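Only one structure is covered here, and it is reproduced in the block below.
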Amino acid sequence: MLPETLENDAVGTALTHAFPGAIVEVKQEVDGPVFYIDPAQLVSVCIYLKEELNFEQLAGVTAVDWWPAVPRFEVVYLLHSYSDNRRARLMLRVAEGEEVDSLCGVWRGANWYEREVFDLFGIPFRNHPNLERIMMPADWEGHPLRKDYPVHGHKYSYQDE
Amino acid sequence: MREDEARVASLDPEHELAVEDPSRSEYIGAAPSSTARRMTLNMGPQHPSTHGVLRVVLELDGETIISARPEIGFLHTGIEKEFEVKKYAQGTTLTDRVDYLSNLNNNLCYALAVERLLTLEVPPKAQYMRVMLCELQRVSSHLVWLGTHALDIGAMSVYFYCMREREEILKIFEMFSGQRMMTSYIRIGGLALEPPRGWERRVRAVIERLAAGIDEYYNLLANNPIWCNRTKGVGGLPLDLMFDLGVTGPFLRAAGIKRDARKDNPFSSYHHFDFEIPTRTGNDVYSRFEVRMEEMRQSVKIVRQAADGMPEGAWKADAPHVVLPDREKMKTQMESLIYHFKIVTEGFRVPAGTVYQTVESPRGELGYYIVSDGTAKPHRVYMRTPSFGNLQALGAMLEGVLIADSIAAMGSMDFVLGDVDR
């Protein structure tokens, strides 16, 4: 349920009416509320947001690694409504290796953003048309933005020779 | 040689020489005779008109592009990872290096995001200075775009004029910060240094020159029949696809969408300024050219207003635990010395929380998503860069376009590969 402070929040109230139980948790941040969504209902929630609440654009998708906490990842969706000049932020909590539904069917632009998250965090997306690495070379090992991935170092060191 | 063969093949559909030689089939494309004319062409990663290391794999039928697949990542430098091991103040220098044509806009976005987490209020003079410098940056970025875009299409002299004017703007940045490009001038809590003596005279001289110059360059191109033929009606994209693919900025405004973060979510006192958001409805390369030219005029207007109405007072926030003290105070006052030492060694702690702050960069919506865990280093910094979203539309835009038009279409997107790959 929504906290009382959010009763006037249009996105939050519309979502709770349309999808009772989809919002797992709400956090109030300095720039507005953040909705944690049940991963099973992500796609239907996003279709609703795009069709009914005019969120025409998916401005970005990213993830946050909270290693060693469990579940490990948070996937962040930044939505932007041009007609209502409004922004919304959706979050998912995802465990290591758990698949997330791809949003490519809702916003085509999710393609590259999800590839980036896959490449840099190793979070797989279900039903993604082309889930390949985008930033790193295709034969790269590991996912650089994970917290247990070193910041410095060389894979092939001349000192080993 | 192979191109010639494809050209011959396109003239004569029965010509199937290419298919008979199996060693060539990988270049010519698929084997069936109906697709014998197809050719796969690599544009890049070092092609001069891609303005950076971008590779576009083009599937051609004669001179028509059937599909274009941009491949990125050649300039990936792990900046987001680097943020996580740097203190907040040190992160400012990384933001310069993302979009190397609009460094100050990146500085500003990062500073605003962190200030929002810190709930730090910046004095009016710093806000006006930020606006003024960011608008100068917008003009300089658009000048680089205009020059290189025109150069790609074959207009040589515009490039020299644009670079000449840009040089004057870079000299202003050097005057303010000591650096021409990687200025890091906008810091968390204000500015890096006190604005130099005599800045006003220099800025006014440059904007007077720009105001005349912009019209001149506009006339140079807009009255040029070759330019008009090569840009009008080229590079369109359906509006819903633009939204879908994440296109923002002048690209979107040239399709009639009047959205600009400076007006919609005013930051850094932009609401004090009187300016227009130019839009066109042509949705082609020429409209984007017009929108950006008009944006330059509006930027000059904003710079003039900022110079006229520059408030007096402090140029950095009164927050001793965040903002470095003046050099003089640091050397004479014990307390300032302690703060200085603490900020430099430990940094400052930022309250736990997340924020997504957007500004209008010359290329579109630039956003910094910062996750703080309450320590002196960010837990995660995500940069929503405008070039990444815009470039994603390249494939859709080039479908069915002639290969010669692809250069004009790509140039009109104004992407910076540093901004794409981060």
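Identifiers in the structure tokens: chain A, B, ... in order shown; residue index from 1 per chain; ligand index from 1 in order shown.
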Q.
Would you pick out the contacts of A:His152 at 12 Å or less, using only C-alpha atoms, so that residues sharing its chain but fewer than 5 positions from it are not included, and give the list as a count of residues only?
A. 5
**Q.** Selection: 10 Å around stretch 110-114 of chain A, only C-alpha atoms, excl. self and same-chain fewer than 6 positions, as a PyMOL selection string
**A.** (chain A and resi 57-63+75+77+100+102-104+120+123-125+128-134) or (chain B and resi 244-246+384+388-389+391-392)
Q) If you count only C-alpha atoms, which residues fall within 9 Å of stretch 80-97 of chain A, apart from same-chain ones fewer than 2 positions away, as a PyMOL selection string? A) (chain A and resi 11+32-39+42+50+53-59+63+70-78+99-100+122-124) or (chain B and resi 243+257+259+264-265+356)
Q | Residues near A:Pro137, cut-off 12 Å, only C-alpha atoms, skip fewer than 6 positions along chain, as an MDAnalysis selection string | A | (chainID A and resid 119:120 143:144) or (chainID B and resid 71:76)
Limited to N, CA, C and O atoms, could you put the picked residues into a file as a CSV table (one decimal), in the first residue's frame?
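What landed in out02.csv:
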chain,number,residue,atom,x,y,z
A,119,ASP,N,25.7,-6.4,-20.1
A,119,ASP,CA,27.1,-6.4,-20.3
A,119,ASP,C,27.9,-6.0,-19.0
A,119,ASP,O,28.8,-6.7,-18.6
A,120,LEU,N,27.5,-5.0,-18.3
A,120,LEU,CA,28.3,-4.5,-17.2
A,120,LEU,C,27.9,-5.1,-15.9
A,120,LEU,O,28.7,-5.0,-14.9
A,143,HIS,N,31.9,-9.0,-15.5
A,143,HIS,CA,31.0,-7.9,-15.7
A,143,HIS,C,31.5,-6.7,-14.9
A,143,HIS,O,31.4,-6.7,-13.7
A,144,PRO,N,32.1,-5.7,-15.5
A,144,PRO,CA,32.9,-4.7,-14.9
A,144,PRO,C,32.2,-3.9,-13.8
A,144,PRO,O,32.9,-3.5,-12.9
B,71,GLU,N,27.7,-0.2,-34.1
B,71,GLU,CA,28.5,-0.9,-33.0
B,71,GLU,C,29.3,0.1,-32.2
B,71,GLU,O,30.0,0.8,-32.8
B,72,ILE,N,29.1,0.0,-30.9
B,72,ILE,CA,29.7,1.0,-30.1
B,72,ILE,C,30.6,0.3,-29.1
B,72,ILE,O,30.7,-0.9,-29.0
B,73,GLY,N,31.2,1.1,-28.2
B,73,GLY,CA,32.0,0.5,-27.1
B,73,GLY,C,33.5,0.7,-27.3
B,73,GLY,O,34.3,0.4,-26.5
B,74,PHE,N,33.9,1.3,-28.5
B,74,PHE,CA,35.3,1.4,-28.7
B,74,PHE,C,36.0,2.5,-27.8
B,74,PHE,O,37.2,2.5,-27.6
B,75,LEU,N,35.2,3.3,-27.3
B,75,LEU,CA,35.7,4.4,-26.4
B,75,LEU,C,35.2,4.2,-25.0
B,75,LEU,O,35.3,5.1,-24.2
B,76,HIS,N,34.8,3.0,-24.6
B,76,HIS,CA,34.4,2.7,-23.3
B,76,HIS,C,35.6,2.8,-22.3
B,76,HIS,O,36.5,2.0,-22.5
Q.
Give me, as an MDAnalysis selection string, the residues of stretch 37-83 of chain A that a backbone DSSP run labels strand (DSSP E).
A. chainID A and resid 37 57:65 73:81
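With distances restricted to only C-alpha atoms, B:Arg253 is the closest residue to chain A from B:Arg253, B:His47, B:His340, B:Lys232.
Minimum distance to B:Pro266 across B:Asn390, B:Leu112, B:Thr183, B:Leu94 (counting only C-alpha atoms) occurs at B:Leu112.
Minimum distance to chain A across B:Met397, B:Val285, B:Ala261, B:Leu143 (counting only C-alpha atoms) occurs at B:Ala261.
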Q: Extract the full set of alpha helix (DSSP H) residues from stretch 9-39 of chain A according to DSSP on the backbone, and format it as an MDAnalysis selection string.
A: chainID A and resid 10:18
Q: Go through A:Glu141, A:Asp101, A:Glu116, A:Glu25 and flag the residue nearest A:Gly12, using only C-alpha atoms for the distances.
A: A:Glu25
Q: Can you pull out every residue within 12 Å of B:Phe176, counting only C-alpha atoms, but drop anything in the same chain fewer than 5 positions away, and send it as a ChimeraX atom specification?
A: /B:104,129-130,132-133,169-171,181-186,191-200,202-203
Q.
Could you list, as a PyMOL selection string, every residue within 12 Å of B:Asp215, counting only C-alpha atoms and ignoring same-chain residues fewer than 5 positions away?
A. chain B and resi 208-210+220-223+290+293-294+296-297+300
Output the selection as a CSV table (one decimal), in the first residue's frame - all heavy atoms for each residue.
chain,number,residue,atom,x,y,z
B,208,GLU,N,28.9,39.6,-28.9
B,208,GLU,CA,28.6,40.6,-30.0
B,208,GLU,C,29.0,40.0,-31.3
B,208,GLU,O,28.3,40.0,-32.3
B,208,GLU,CB,29.2,41.9,-29.8
B,208,GLU,CG,28.6,42.8,-28.6
B,208,GLU,CD,27.1,42.7,-28.6
B,208,GLU,OE1,26.5,42.8,-29.6
B,208,GLU,OE2,26.6,42.5,-27.4
B,209,ARG,N,30.2,39.4,-31.3
B,209,ARG,CA,30.7,38.8,-32.5
B,209,ARG,C,29.9,37.6,-32.9
B,209,ARG,O,29.7,37.4,-34.1
B,209,ARG,CB,32.2,38.4,-32.2
B,209,ARG,CG,33.0,38.1,-33.4
B,209,ARG,CD,34.4,38.0,-33.0
B,209,ARG,NE,35.0,37.1,-33.9
B,209,ARG,CZ,36.3,36.7,-33.9
B,209,ARG,NH1,37.1,37.2,-32.9
B,209,ARG,NH2,36.8,35.9,-34.8
B,210,LEU,N,29.5,36.8,-31.9
B,210,LEU,CA,28.7,35.6,-32.2
B,210,LEU,C,27.4,36.0,-32.8
B,210,LEU,O,27.0,35.3,-33.8
B,210,LEU,CB,28.5,34.8,-30.9
B,210,LEU,CG,29.7,33.9,-30.5
B,210,LEU,CD1,29.3,33.3,-29.1
B,210,LEU,CD2,29.9,32.8,-31.5
B,220,LEU,N,25.1,31.6,-45.0
B,220,LEU,CA,26.0,30.8,-45.9
B,220,LEU,C,25.4,29.5,-46.3
B,220,LEU,O,25.5,29.1,-47.4
B,220,LEU,CB,27.3,30.5,-45.1
B,220,LEU,CG,28.5,31.4,-45.3
B,220,LEU,CD1,29.6,31.0,-44.4
B,220,LEU,CD2,28.9,31.4,-46.8
B,221,LEU,N,24.7,28.8,-45.3
B,221,LEU,CA,24.2,27.5,-45.6
B,221,LEU,C,22.8,27.5,-46.1
B,221,LEU,O,22.4,26.9,-47.1
B,221,LEU,CB,24.4,26.6,-44.4
B,221,LEU,CG,25.8,26.3,-44.0
B,221,LEU,CD1,25.9,25.6,-42.7
B,221,LEU,CD2,26.4,25.4,-45.1
B,222,ALA,N,21.9,28.3,-45.4
B,222,ALA,CA,20.5,28.3,-45.8
B,222,ALA,C,20.2,28.8,-47.2
B,222,ALA,O,19.2,28.4,-47.8
B,222,ALA,CB,19.7,29.1,-44.8
B,223,ASN,N,21.1,29.6,-47.7
B,223,ASN,CA,20.9,30.1,-49.1
B,223,ASN,C,21.7,29.3,-50.1
B,223,ASN,O,21.9,29.8,-51.2
B,223,ASN,CB,21.3,31.6,-49.1
B,223,ASN,CG,20.4,32.5,-48.3
B,223,ASN,OD1,19.3,32.1,-48.1
B,223,ASN,ND2,21.0,33.5,-47.7
B,290,GLU,N,18.2,24.1,-38.5
B,290,GLU,CA,17.6,25.4,-38.1
B,290,GLU,C,17.4,25.5,-36.6
B,290,GLU,O,17.6,26.5,-36.0
B,290,GLU,CB,16.2,25.5,-38.8
B,290,GLU,CG,16.3,25.8,-40.3
B,290,GLU,CD,15.1,26.6,-40.8
B,290,GLU,OE1,14.0,26.3,-40.3
B,290,GLU,OE2,15.3,27.6,-41.6
B,293,MET,N,20.7,26.3,-35.0
B,293,MET,CA,21.1,27.7,-35.2
B,293,MET,C,20.3,28.6,-34.3
B,293,MET,O,20.8,29.6,-33.8
B,293,MET,CB,20.8,28.1,-36.7
B,293,MET,CG,21.7,27.3,-37.7
B,293,MET,SD,23.4,27.4,-37.4
B,293,MET,CE,23.9,29.0,-37.9
B,294,GLU,N,19.0,28.4,-34.2
B,294,GLU,CA,18.1,29.2,-33.4
B,294,GLU,C,18.5,29.1,-31.9
B,294,GLU,O,18.5,30.1,-31.2
B,294,GLU,CB,16.6,28.8,-33.6
B,294,GLU,CG,15.6,29.8,-33.0
B,294,GLU,CD,15.8,31.2,-33.5
B,294,GLU,OE1,16.1,31.4,-34.7
B,294,GLU,OE2,15.6,32.1,-32.6
B,296,MET,N,21.4,28.6,-30.8
B,296,MET,CA,22.6,29.4,-30.6
B,296,MET,C,22.2,30.9,-30.4
B,296,MET,O,22.8,31.5,-29.5
B,296,MET,CB,23.5,29.3,-31.8
B,296,MET,CG,24.4,28.0,-31.8
B,296,MET,SD,25.8,28.2,-32.8
B,296,MET,CE,25.3,27.3,-34.2
B,297,ARG,N,21.3,31.3,-31.2
B,297,ARG,CA,20.8,32.7,-31.0
B,297,ARG,C,20.2,32.9,-29.6
B,297,ARG,O,20.5,33.9,-28.9
B,297,ARG,CB,19.8,33.1,-32.0
B,297,ARG,CG,20.4,33.1,-33.4
B,297,ARG,CD,19.4,33.8,-34.4
B,297,ARG,NE,19.9,33.6,-35.8
B,297,ARG,CZ,19.4,32.7,-36.6
B,297,ARG,NH1,18.3,32.0,-36.3
B,297,ARG,NH2,19.9,32.6,-37.9
B,300,VAL,N,22.9,33.0,-27.0
B,300,VAL,CA,23.6,34.4,-26.9
B,300,VAL,C,22.7,35.3,-26.1
B,300,VAL,O,23.2,36.1,-25.3
B,300,VAL,CB,23.8,34.9,-28.4
B,300,VAL,CG1,24.3,36.3,-28.3
B,300,VAL,CG2,24.9,34.0,-29.0
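Among A:Asn8, A:Arg115, A:Val45, A:Arg146, the residue with the shortest atom-to-atom distance to A:Pro20, counting only C-alpha atoms, is A:Val45.
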